[in-house]
Structure formats: C-alpha cells, structure tokens
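As stored in work_24.cif (mmCIF, C-alpha atoms):
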data_input
#
loop_
_atom_site.label_atom_id
_atom_site.label_comp_id
_atom_site.auth_asym_id
_atom_site.auth_seq_id
_atom_site.Cartn_x
_atom_site.Cartn_y
_atom_site.Cartn_z
CA MET X 1 -38.89 -33.22 24.45
CA LYS X 2 -38.02 -33.53 20.75
CA SER X 3 -35.06 -31.15 21.18
CA VAL X 4 -33.67 -33.29 24.03
CA VAL X 5 -33.81 -36.42 21.86
CA VAL X 6 -32.05 -34.60 19.03
CA LEU X 7 -29.30 -33.38 21.37
CA VAL X 8 -28.72 -36.89 22.74
CA PHE X 9 -28.56 -38.30 19.20
CA LEU X 10 -26.08 -35.64 18.09
CA ALA X 11 -23.92 -36.29 21.17
CA ALA X 12 -23.88 -40.01 20.40
CA VAL X 13 -22.88 -39.37 16.77
CA ALA X 14 -20.18 -36.93 17.84
CA ASN X 15 -18.94 -39.42 20.40
CA ALA X 16 -18.59 -42.17 17.79
CA LYS X 17 -16.79 -39.84 15.38
CA TRP X 18 -14.48 -38.44 18.09
CA ILE X 19 -13.53 -41.87 19.40
CA GLY X 20 -13.01 -43.15 15.85
CA GLU X 21 -10.62 -40.31 15.07
CA LEU X 22 -8.70 -40.85 18.29
CA GLN X 23 -8.44 -44.56 17.63
CA THR X 24 -7.16 -43.98 14.08
CA ASN X 25 -4.56 -41.46 15.21
CA SER X 26 -3.53 -42.73 18.62
CA TYR X 27 -4.04 -46.50 19.01
CA SER X 28 -2.90 -49.30 16.77
CA SER X 29 -3.30 -53.06 17.17
CA ASP X 30 -3.73 -55.57 14.40
CA GLY X 31 -4.59 -58.84 16.05
CA PRO X 32 -6.88 -60.61 18.50
CA SER X 33 -4.16 -60.45 21.19
CA ARG X 34 -5.34 -56.97 22.09
CA ARG X 35 -7.90 -58.91 23.99
CA ILE X 36 -7.76 -57.13 32.29
CA VAL X 37 -10.26 -57.96 28.78
CA ASN X 38 -8.99 -57.73 25.24
CA GLY X 39 -5.66 -56.42 26.47
CA LEU X 40 -1.99 -57.22 26.20
CA GLU X 41 0.36 -59.02 28.55
CA ALA X 42 2.64 -56.67 30.45
CA ILE X 43 6.38 -57.20 30.36
CA PRO X 44 8.10 -57.52 33.77
CA GLY X 45 8.57 -54.12 35.36
CA GLN X 46 6.36 -52.27 32.86
CA PHE X 47 4.04 -51.00 35.62
CA PRO X 48 6.15 -50.67 38.78
CA TYR X 49 3.36 -48.75 40.54
CA GLN X 50 0.87 -51.64 40.17
CA VAL X 51 -0.29 -53.44 43.32
CA MET X 52 -2.28 -56.65 43.68
CA LEU X 53 -4.36 -56.71 46.86
CA LEU X 54 -5.35 -60.06 48.35
CA THR X 55 -8.11 -58.87 50.66
CA GLU X 56 -9.50 -61.14 53.38
CA PHE X 57 -13.10 -61.34 54.58
CA PRO X 58 -14.79 -63.29 57.38
CA GLU X 59 -15.66 -66.84 56.32
CA SER X 60 -14.70 -66.36 52.67
CA PRO X 61 -11.54 -66.72 50.56
CA SER X 62 -9.32 -63.76 49.73
CA LEU X 63 -10.46 -61.62 46.83
CA ILE X 64 -8.10 -60.10 44.26
CA ALA X 65 -8.21 -56.37 43.61
CA GLY X 66 -5.89 -53.71 42.26
CA GLY X 67 -4.16 -50.71 43.73
CA SER X 68 -1.23 -48.36 43.23
CA VAL X 69 1.94 -47.65 45.17
CA LEU X 70 1.34 -44.28 46.84
CA THR X 71 4.26 -44.18 49.30
CA VAL X 72 6.43 -46.80 51.01
CA ASN X 73 3.65 -47.11 53.61
CA TYR X 74 0.40 -46.74 51.67
CA VAL X 75 -1.50 -48.29 48.76
CA LEU X 76 -4.23 -46.31 46.99
CA THR X 77 -7.29 -48.29 45.90
CA ALA X 78 -11.10 -48.19 45.78
CA ALA X 79 -13.21 -48.27 48.93
CA SER X 80 -15.21 -51.11 47.34
CA THR X 81 -12.06 -53.26 47.51
CA PHE X 82 -12.76 -53.68 51.20
CA PHE X 83 -16.37 -54.88 50.97
CA ASN X 84 -17.81 -58.22 49.87
CA SER X 85 -21.52 -59.05 50.10
CA GLY X 86 -21.96 -56.64 52.99
CA ALA X 87 -18.92 -57.90 54.91
CA GLN X 88 -15.95 -55.60 55.55
CA ALA X 89 -12.36 -56.73 55.08
CA THR X 90 -10.38 -57.98 58.04
CA GLY X 91 -7.00 -57.30 56.44
CA GLY X 92 -4.96 -58.76 53.64
CA THR X 93 -1.70 -58.79 51.72
CA ALA X 94 -0.39 -56.21 49.25
CA VAL X 95 1.77 -57.66 46.47
CA MET X 96 4.16 -55.27 44.72
CA GLY X 97 6.55 -56.05 41.85
CA ALA X 98 4.44 -58.95 40.51
CA ASN X 99 4.18 -59.96 36.87
CA ILE X 100 2.78 -63.50 37.26
CA ARG X 101 0.43 -63.48 40.21
CA ALA X 102 0.55 -67.20 41.01
CA ASN X 103 4.35 -67.33 41.22
CA GLN X 104 6.54 -66.35 44.14
CA GLU X 105 8.73 -64.20 41.89
CA PRO X 106 12.00 -62.80 43.33
CA SER X 107 10.79 -59.32 42.35
CA GLN X 108 7.66 -59.56 44.52
CA GLN X 109 7.23 -57.84 47.86
CA ARG X 110 4.33 -59.27 49.88
CA ILE X 111 3.38 -57.13 52.89
CA ARG X 112 0.46 -57.56 55.25
CA TYR X 113 -2.06 -54.90 56.20
CA ASP X 114 -4.54 -55.18 59.07
CA ALA X 115 -8.13 -53.99 59.45
CA SER X 116 -6.78 -51.04 61.41
CA GLY X 117 -4.77 -49.99 58.34
CA ILE X 118 -7.81 -49.86 56.05
CA ILE X 119 -9.12 -46.31 55.63
CA ILE X 120 -12.30 -45.73 53.62
CA HIS X 121 -13.70 -42.40 52.52
CA PRO X 122 -16.36 -41.48 55.13
CA GLN X 123 -18.91 -40.65 52.42
CA TYR X 124 -18.46 -43.86 50.45
CA VAL X 125 -21.84 -45.28 49.38
CA VAL X 126 -21.89 -49.05 48.92
CA THR X 127 -25.00 -49.16 46.73
CA ASN X 128 -23.80 -46.82 43.97
CA ARG X 129 -20.03 -46.64 44.62
CA ARG X 130 -19.98 -42.87 45.09
CA ASN X 131 -16.79 -41.47 46.74
CA ASN X 132 -15.16 -44.81 45.93
CA VAL X 133 -11.66 -44.26 47.29
CA GLY X 134 -9.69 -45.95 50.05
CA VAL X 135 -6.15 -46.65 51.20
CA ALA X 136 -4.34 -49.46 52.99
CA ARG X 137 -1.52 -48.71 55.44
CA LEU X 138 1.03 -51.51 55.29
CA ASN X 139 2.36 -53.17 58.46
CA THR X 140 5.94 -52.58 57.27
CA PRO X 141 7.29 -50.25 54.57
CA MET X 142 7.91 -51.53 51.06
CA THR X 143 11.29 -51.03 49.37
CA PHE X 144 11.52 -49.01 46.18
CA ASN X 145 13.55 -50.49 43.32
CA ASP X 146 13.26 -50.88 39.55
CA ARG X 147 10.13 -53.08 39.92
CA VAL X 148 8.44 -51.11 42.73
CA GLN X 149 7.94 -47.35 42.32
CA PRO X 150 5.35 -44.83 43.55
CA ILE X 151 2.71 -43.42 41.24
CA ARG X 152 2.42 -39.67 40.70
CA LEU X 153 -0.92 -37.95 41.32
CA PRO X 154 -2.09 -34.66 39.75
CA ALA X 155 -1.15 -31.39 41.40
CA ARG X 156 -3.59 -29.55 43.64
CA SER X 157 -3.95 -26.81 41.01
CA ASP X 158 -4.68 -29.26 38.15
CA THR X 159 -8.19 -28.69 36.79
CA ARG X 160 -7.97 -30.75 33.60
CA GLN X 161 -10.58 -33.33 32.63
CA PHE X 162 -7.99 -35.25 30.51
CA GLU X 163 -10.39 -35.94 27.62
CA GLY X 164 -8.39 -36.85 24.52
CA PHE X 165 -5.51 -38.32 26.52
CA ILE X 166 -4.77 -42.01 26.07
CA GLY X 167 -5.48 -43.87 29.29
CA THR X 168 -3.88 -47.12 30.46
CA ILE X 169 -5.23 -49.54 33.06
CA ALA X 170 -3.58 -52.79 34.16
CA GLY X 171 -4.75 -55.63 36.36
CA PHE X 172 -4.82 -59.30 37.21
CA GLY X 173 -8.60 -59.56 36.85
CA ARG X 174 -10.66 -62.02 34.82
CA PHE X 175 -10.48 -61.64 31.07
CA VAL X 176 -13.32 -63.78 29.73
CA ASP X 177 -12.16 -67.27 28.81
CA GLU X 178 -9.37 -66.42 26.41
CA PRO X 179 -7.45 -69.38 24.97
CA GLY X 180 -4.14 -69.83 26.75
CA ALA X 181 -5.20 -67.58 29.63
CA SER X 182 -2.54 -67.11 32.28
CA ASP X 183 -1.95 -65.21 35.49
CA VAL X 184 0.24 -62.60 33.80
CA LEU X 185 -0.50 -58.92 34.44
CA ARG X 186 -2.44 -57.47 31.51
CA TYR X 187 -3.25 -53.95 30.36
CA ILE X 188 -5.37 -51.98 27.91
CA THR X 189 -5.11 -48.52 26.35
CA ASN X 190 -8.00 -46.42 25.06
CA PRO X 191 -8.94 -42.73 24.86
CA ILE X 192 -10.27 -40.83 27.87
CA MET X 193 -13.80 -39.65 27.04
CA MET X 194 -15.64 -36.45 27.77
CA ASN X 195 -18.08 -37.09 30.61
CA ALA X 196 -20.96 -35.79 28.47
CA PHE X 197 -20.31 -38.52 25.89
CA CYS X 198 -19.92 -41.13 28.62
CA ILE X 199 -23.31 -40.16 30.08
CA VAL X 200 -24.90 -40.89 26.68
CA ARG X 201 -23.57 -44.47 26.91
CA TRP X 202 -24.43 -44.90 30.62
CA ASP X 203 -26.58 -42.34 32.46
CA CYS X 204 -26.21 -39.22 34.58
CA LEU X 205 -26.49 -41.18 37.83
CA THR X 206 -23.59 -43.55 37.02
CA VAL X 207 -21.37 -40.82 35.53
CA GLN X 208 -20.95 -37.72 37.68
CA PRO X 209 -18.32 -34.94 37.83
CA ASP X 210 -16.13 -36.98 40.20
CA ASN X 211 -15.90 -39.76 37.59
CA VAL X 212 -13.66 -40.18 34.56
CA CYS X 213 -14.42 -42.54 31.67
CA LEU X 214 -12.23 -44.70 29.45
CA SER X 215 -13.61 -45.65 26.03
CA GLY X 216 -14.67 -49.28 25.67
CA ASP X 217 -13.68 -49.39 22.01
CA GLY X 218 -12.60 -52.83 20.81
CA GLY X 219 -14.13 -54.46 23.90
CA ARG X 220 -11.10 -53.30 25.91
CA SER X 221 -12.06 -52.76 29.54
CA THR X 222 -11.56 -53.57 33.18
CA CYS X 223 -13.35 -56.66 34.43
CA ASN X 224 -13.79 -58.73 37.59
CA SER X 225 -11.00 -58.29 40.15
CA ASP X 226 -9.53 -55.19 38.46
CA ASN X 227 -11.34 -53.05 41.03
CA GLY X 228 -9.13 -50.40 42.64
CA GLY X 229 -6.48 -50.40 39.92
CA PRO X 230 -4.95 -47.14 38.68
CA LEU X 231 -6.05 -45.44 35.47
CA VAL X 232 -3.02 -43.49 34.22
CA VAL X 233 -2.07 -41.16 31.41
CA ASN X 234 1.45 -40.47 30.19
CA GLU X 235 2.64 -36.98 31.02
CA GLY X 236 6.40 -37.12 31.37
CA GLY X 237 5.79 -40.46 33.08
CA PRO X 238 2.69 -42.17 34.47
CA LEU X 239 0.13 -39.90 36.14
CA GLN X 240 -2.81 -41.53 37.92
CA ILE X 241 -6.10 -39.80 37.17
CA GLY X 242 -8.61 -42.51 38.10
CA ILE X 243 -9.35 -45.52 40.30
CA ALA X 244 -11.18 -48.55 38.85
CA SER X 245 -14.65 -49.13 40.31
CA VAL X 246 -16.31 -52.55 40.23
CA PHE X 247 -19.74 -50.90 39.85
CA SER X 248 -19.10 -50.09 36.20
CA ASN X 249 -16.71 -52.75 34.89
CA PRO X 250 -18.40 -53.58 31.56
CA CYS X 251 -15.87 -56.31 30.65
CA SER X 252 -16.00 -56.99 26.90
CA ILE X 253 -19.38 -55.50 25.90
CA GLY X 254 -17.93 -52.26 24.50
CA LEU X 255 -19.30 -49.80 27.06
CA PRO X 256 -16.94 -47.22 28.61
CA SER X 257 -15.44 -48.13 31.98
CA VAL X 258 -16.13 -45.57 34.71
CA TYR X 259 -13.53 -44.61 37.31
CA THR X 260 -13.35 -42.50 40.43
CA ARG X 261 -11.63 -39.26 39.41
CA VAL X 262 -8.56 -38.69 41.62
CA ILE X 263 -8.38 -34.88 41.61
CA PRO X 264 -11.49 -34.20 43.77
CA PHE X 265 -10.11 -36.55 46.44
CA LEU X 266 -6.56 -35.17 46.67
CA PRO X 267 -7.23 -33.37 50.00
CA TRP X 268 -8.66 -36.56 51.52
CA ILE X 269 -5.73 -38.67 50.27
CA GLU X 270 -3.22 -36.22 51.72
CA ALA X 271 -5.06 -36.01 55.05
CA ASN X 272 -5.21 -39.79 55.48
CA THR X 273 -1.74 -40.84 54.25
CA ASP X 274 1.84 -39.56 54.23
CA TYR X 275 1.53 -38.56 50.55
CA VAL X 276 2.26 -34.88 49.89
CA VAL X 277 0.14 -33.40 47.10
CA ARG X 278 2.01 -31.04 44.77
CA PRO X 279 0.81 -27.39 44.76
#
Produce structure tokens that represent the structure in this file.
Amino acid sequence: MKSVVVLVFLAAVANAKWIGELQTNSYSSDGPSRRIVNGLEAIPGQFPYQVMLLTEFPESPSLIAGGSVLTVNYVLTAASTFFNSGAQATGGTAVMGANIRANQEPSQQRIRYDASGIIIHPQYVVTNRRNNVGVARLNTPMTFNDRVQPIRLPARSDTRQFEGFIGTIAGFGRFVDEPGASDVLRYITNPIMMNAFCIVRWDCLTVQPDNVCLSGDGGRSTCNSDNGGPLVVNEGGPLQIGIASVFSNPCSIGLPSVYTRVIPFLPWIEANTDYVVRP
C-alpha cells in the first residue's frame, strides 16, 4: 500500500514539473484576458471548422453546444449534445461561420437538422459519458468558403497519444461572470497531458484509454455549453484529436478537461457519415 502512495505522489510531482516546463516553453500570456473560461476572444474566421449547435428538446428551450465541420453534410459532436435531463433531442440548427453568436452575421450559415439526422454511438452511456461521440446530418449541405472549412481527423494508422502537443479548444459556452462578457467565440490553449498524469488529478474511471486530457493550468478550460466542441492540435493545420464532454468540464477550478479521444472512433465515424478516413 505504501508503494502505491509513493508512486501516486511521484506521478503528481512529475506532472506538475512537466506541465510547468511546457507552460514556460510553449505558452505565453501576461494578463487576465487569458480568462470558453480564462480564454481569449477569437478573431473572425480563426476557427472555420467550429460549429455552434442549437439543439431542441421537448418542452424546453434550445441548448447551445459545440461541434466541428466534418463534411458538407455532417457535423461531428458529442453524443451528450443530444440529451437533456433524460430527454432526447428532436432536432436543431447548426450554425457555421459564426464569430458573435447572437448576431445574424453575413458569414453565418444556419442549417436545420432533424431527429432522423442525429446519430449516436450505440454504446454511449449517459451516466458516465463513455463512447461520447455523435454526428448530425444536415437537411441541406453547407457551403465551404474562407469562414467555413472541414476539420481534419487523424489517419487510421495514427497511434499517437499527442502528449506534449499544445491543444486548442474553442466555444461559445459560459465563462464565469467575466466583466464585459460578450457572445464572441472564445478559445484556450494548454498542453495535452499524459493519461497517467490526468488520472492522478481525476481517477481511473473518469479517464480511460479512449479519453485525452488538456491541462487546466491557469484555470483555462471548457465550461457549460462547450460540450461537443473540437479539441485540436496544430500539425500542418488543425487536426482534431478530441471531442469535449460535459461530464468533465471543470470550468475555472484548474483541473484538466477530459475529452473523447477521436482515434478509437474513426471506424464508427466513417461508417455513419460520408467522411473518408485517411489510411
């Protein structure tokens, strides 16, 4: 028992040192504006793959969630996007090309999707958000332009865990009562963690091999309504490696945010959409 405690302590110390080194070398911000939460405002067109989903439920208002442009016909998101207090979504609207969510910007494309277009992973578990991946098939195709572009997913042969990469996540979710808060798309960047270090901060039930973790350093994290948004790394352009999950959005408390890892679900995504996974 004593050896287990020592190992956990050493992992926690190593985690703090590793994250500190990454932050010193790879991330720089010198003001409170780095406050998604504790993030920065995106400039128009910075994230052309970003989607805002306005999902409808019986007898309740639409809920905001995130997603990514997969193809002209499909949006990739979390399965949990389509559930609210036990009720399943009846449809909704996907908004592409948005920078200020409350405005009807000329760059926006707003396209409906019906309940029949919602596809949820058959092994999704509501209680613990396992297999938390879903897609929405749009009623009409979107149009690609400089503000609306598809995301790239890893190749079928990609076995990387991406620890040490700098991850970016954007969203229109709540960001904890900041002065001058607006409806502008916001984003954060932090290092991708080793799952072993993430387990030390959470537990082995929350963090499993089909999850990927983003450091919560500086209180930077996803929060309410960022569910389903794409976690990306820069590899010759944006590469989506994770999907935000509402189950582990720690907001500003400094814990890592836990995402559904995309790679294990590539076969399912390809089988249920018109996306072609690279070899």
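Our summary of the geometry notes that atom CA of X:Gly97 is positioned 6.2 Å from atom CA of X:Pro48.
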Hey, which bits of stretch 203-233 of chain X sit within 12 Å of stretch 133-146 of chain X, and for each residue what's the closest pair of atoms and how far apart in Å (one decimal), counting only C-alpha atoms, rows by chain and increasing number, as JSON lines?
{"residue": "X:Asp210", "atom": "CA", "partner": "X:Val133", "partner_atom": "CA", "distance": 11.1}
{"residue": "X:Asn211", "atom": "CA", "partner": "X:Val133", "partner_atom": "CA", "distance": 11.5}
{"residue": "X:Asn227", "atom": "CA", "partner": "X:Val133", "partner_atom": "CA", "distance": 10.8}
{"residue": "X:Gly228", "atom": "CA", "partner": "X:Val133", "partner_atom": "CA", "distance": 8.1}
{"residue": "X:Gly229", "atom": "CA", "partner": "X:Val133", "partner_atom": "CA", "distance": 10.9}
{"residue": "X:Pro230", "atom": "CA", "partner": "X:Val133", "partner_atom": "CA", "distance": 11.3}
Considering only C-alpha atoms, tabulate each residue of stretch 224-253 of chain X that lies at most 12 Å from stretch 64-75 of chain X along with its nearest interatomic pair and the corresponding distance in Å to one decimal; arrange the rows by chain and ascending residue number and present them as JSON lines.
{"residue": "X:Asn224", "atom": "CA", "partner": "X:Ala65", "partner_atom": "CA", "distance": 8.5}
{"residue": "X:Ser225", "atom": "CA", "partner": "X:Ala65", "partner_atom": "CA", "distance": 4.8}
{"residue": "X:Asp226", "atom": "CA", "partner": "X:Ala65", "partner_atom": "CA", "distance": 5.4}
{"residue": "X:Asn227", "atom": "CA", "partner": "X:Ala65", "partner_atom": "CA", "distance": 5.2}
{"residue": "X:Gly228", "atom": "CA", "partner": "X:Gly66", "partner_atom": "CA", "distance": 4.6}
{"residue": "X:Gly229", "atom": "CA", "partner": "X:Gly66", "partner_atom": "CA", "distance": 4.1}
{"residue": "X:Pro230", "atom": "CA", "partner": "X:Ser68", "partner_atom": "CA", "distance": 6.0}
{"residue": "X:Leu231", "atom": "CA", "partner": "X:Ser68", "partner_atom": "CA", "distance": 9.6}
{"residue": "X:Val232", "atom": "CA", "partner": "X:Ser68", "partner_atom": "CA", "distance": 10.4}
{"residue": "X:Pro238", "atom": "CA", "partner": "X:Ser68", "partner_atom": "CA", "distance": 11.4}
{"residue": "X:Leu239", "atom": "CA", "partner": "X:Ser68", "partner_atom": "CA", "distance": 11.1}
{"residue": "X:Gln240", "atom": "CA", "partner": "X:Ser68", "partner_atom": "CA", "distance": 8.8}
{"residue": "X:Ile241", "atom": "CA", "partner": "X:Ser68", "partner_atom": "CA", "distance": 11.6}
{"residue": "X:Gly242", "atom": "CA", "partner": "X:Ser68", "partner_atom": "CA", "distance": 10.7}
{"residue": "X:Ile243", "atom": "CA", "partner": "X:Gly67", "partner_atom": "CA", "distance": 8.1}
{"residue": "X:Ala244", "atom": "CA", "partner": "X:Gly66", "partner_atom": "CA", "distance": 8.1}
{"residue": "X:Ser245", "atom": "CA", "partner": "X:Gly66", "partner_atom": "CA", "distance": 10.1}
{"residue": "X:Val246", "atom": "CA", "partner": "X:Ala65", "partner_atom": "CA", "distance": 9.6}
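Evaluating the PyMOL selection byres ((chain X and resi 154-161) around 8) against the shown model yields X:Arg152, X:Leu153, X:Phe162, X:Glu163, X:Met194, X:Val212, X:Leu239, X:Gln240, X:Ile241, X:Val262, X:Ile263, X:Leu266, X:Val277, X:Arg278, X:Pro279.
Distance-wise, atom CA of X:Met193 and atom CA of X:Ile169 end up 14.4 Å apart.
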*Which of these, X:Val126, X:Ser221, X:Trp202, X:Gln208, has the shortest distance to X:Tyr187 once you count all atoms listed in the file?*
X:Ser221
*Which of these residues is nearest to X:Gly216, using all atoms listed in the file: X:Asn195, X:Thr189, X:Gln46, X:Ser257?*
X:Ser257
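Between atom CA of X:Tyr275 and atom CA of X:Pro44 there is a distance of 26.2 Å.
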*If you count all atoms listed in the file, which residues fall within 9 Å of X:Arg101, apart from same-chain ones fewer than 2 positions away, as a PyMOL selection string?*
chain X and resi 52+95+98-99+103-105+172+183-185
*Pick out the closest residue to X:Ile118 from this set: X:Gly39, X:Val51, X:Tyr259, X:Thr273. Count only C-alpha atoms.*
X:Thr273
Would you write out, as a PDB file with C-alpha atoms, keeping the file's coordinate frame, every residue that the PyMOL selection byres ((chain X and resi 91) around 10) captures in this file?
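What follows is the written file expr.pdb:
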ATOM      1  CA  LEU X  53      -4.360 -56.710  46.860  1.00  0.00           C
ATOM      2  CA  LEU X  54      -5.350 -60.060  48.350  1.00  0.00           C
ATOM      3  CA  THR X  55      -8.110 -58.870  50.660  1.00  0.00           C
ATOM      4  CA  GLU X  56      -9.500 -61.140  53.380  1.00  0.00           C
ATOM      5  CA  PHE X  57     -13.100 -61.340  54.580  1.00  0.00           C
ATOM      6  CA  PRO X  58     -14.790 -63.290  57.380  1.00  0.00           C
ATOM      7  CA  SER X  62      -9.320 -63.760  49.730  1.00  0.00           C
ATOM      8  CA  PHE X  82     -12.760 -53.680  51.200  1.00  0.00           C
ATOM      9  CA  GLN X  88     -15.950 -55.600  55.550  1.00  0.00           C
ATOM     10  CA  ALA X  89     -12.360 -56.730  55.080  1.00  0.00           C
ATOM     11  CA  THR X  90     -10.380 -57.980  58.040  1.00  0.00           C
ATOM     12  CA  GLY X  92      -4.960 -58.760  53.640  1.00  0.00           C
ATOM     13  CA  THR X  93      -1.700 -58.790  51.720  1.00  0.00           C
ATOM     14  CA  ALA X  94      -0.390 -56.210  49.250  1.00  0.00           C
ATOM     15  CA  ARG X 112       0.460 -57.560  55.250  1.00  0.00           C
ATOM     16  CA  TYR X 113      -2.060 -54.900  56.200  1.00  0.00           C
ATOM     17  CA  ASP X 114      -4.540 -55.180  59.070  1.00  0.00           C
ATOM     18  CA  ALA X 115      -8.130 -53.990  59.450  1.00  0.00           C
ATOM     19  CA  SER X 116      -6.780 -51.040  61.410  1.00  0.00           C
ATOM     20  CA  GLY X 117      -4.770 -49.990  58.340  1.00  0.00           C
ATOM     21  CA  ILE X 118      -7.810 -49.860  56.050  1.00  0.00           C
ATOM     22  CA  ALA X 136      -4.340 -49.460  52.990  1.00  0.00           C
ATOM     23  CA  LEU X 138       1.030 -51.510  55.290  1.00  0.00           C
TER      24      LEU X 138
END
*Write out as an MDAnalysis selection string each polymer residue whose atoms come within 7 Å of X:Ser252, counting all atoms listed in the file; drop sequence neighbours fewer than 5 positions from it.*
chainID X and resid 37 219:221
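Close contacts of X:His121, defined as residues with an atom at most 10 Å away when counting all atoms listed in the file, with chain neighbours fewer than 5 positions off set aside, comprise X:Ala78, X:Ala79, X:Arg130, X:Asn131, X:Asn132, X:Val133, X:Gly134, X:Val135, X:Phe265, X:Trp268, X:Ile269, X:Asn272.
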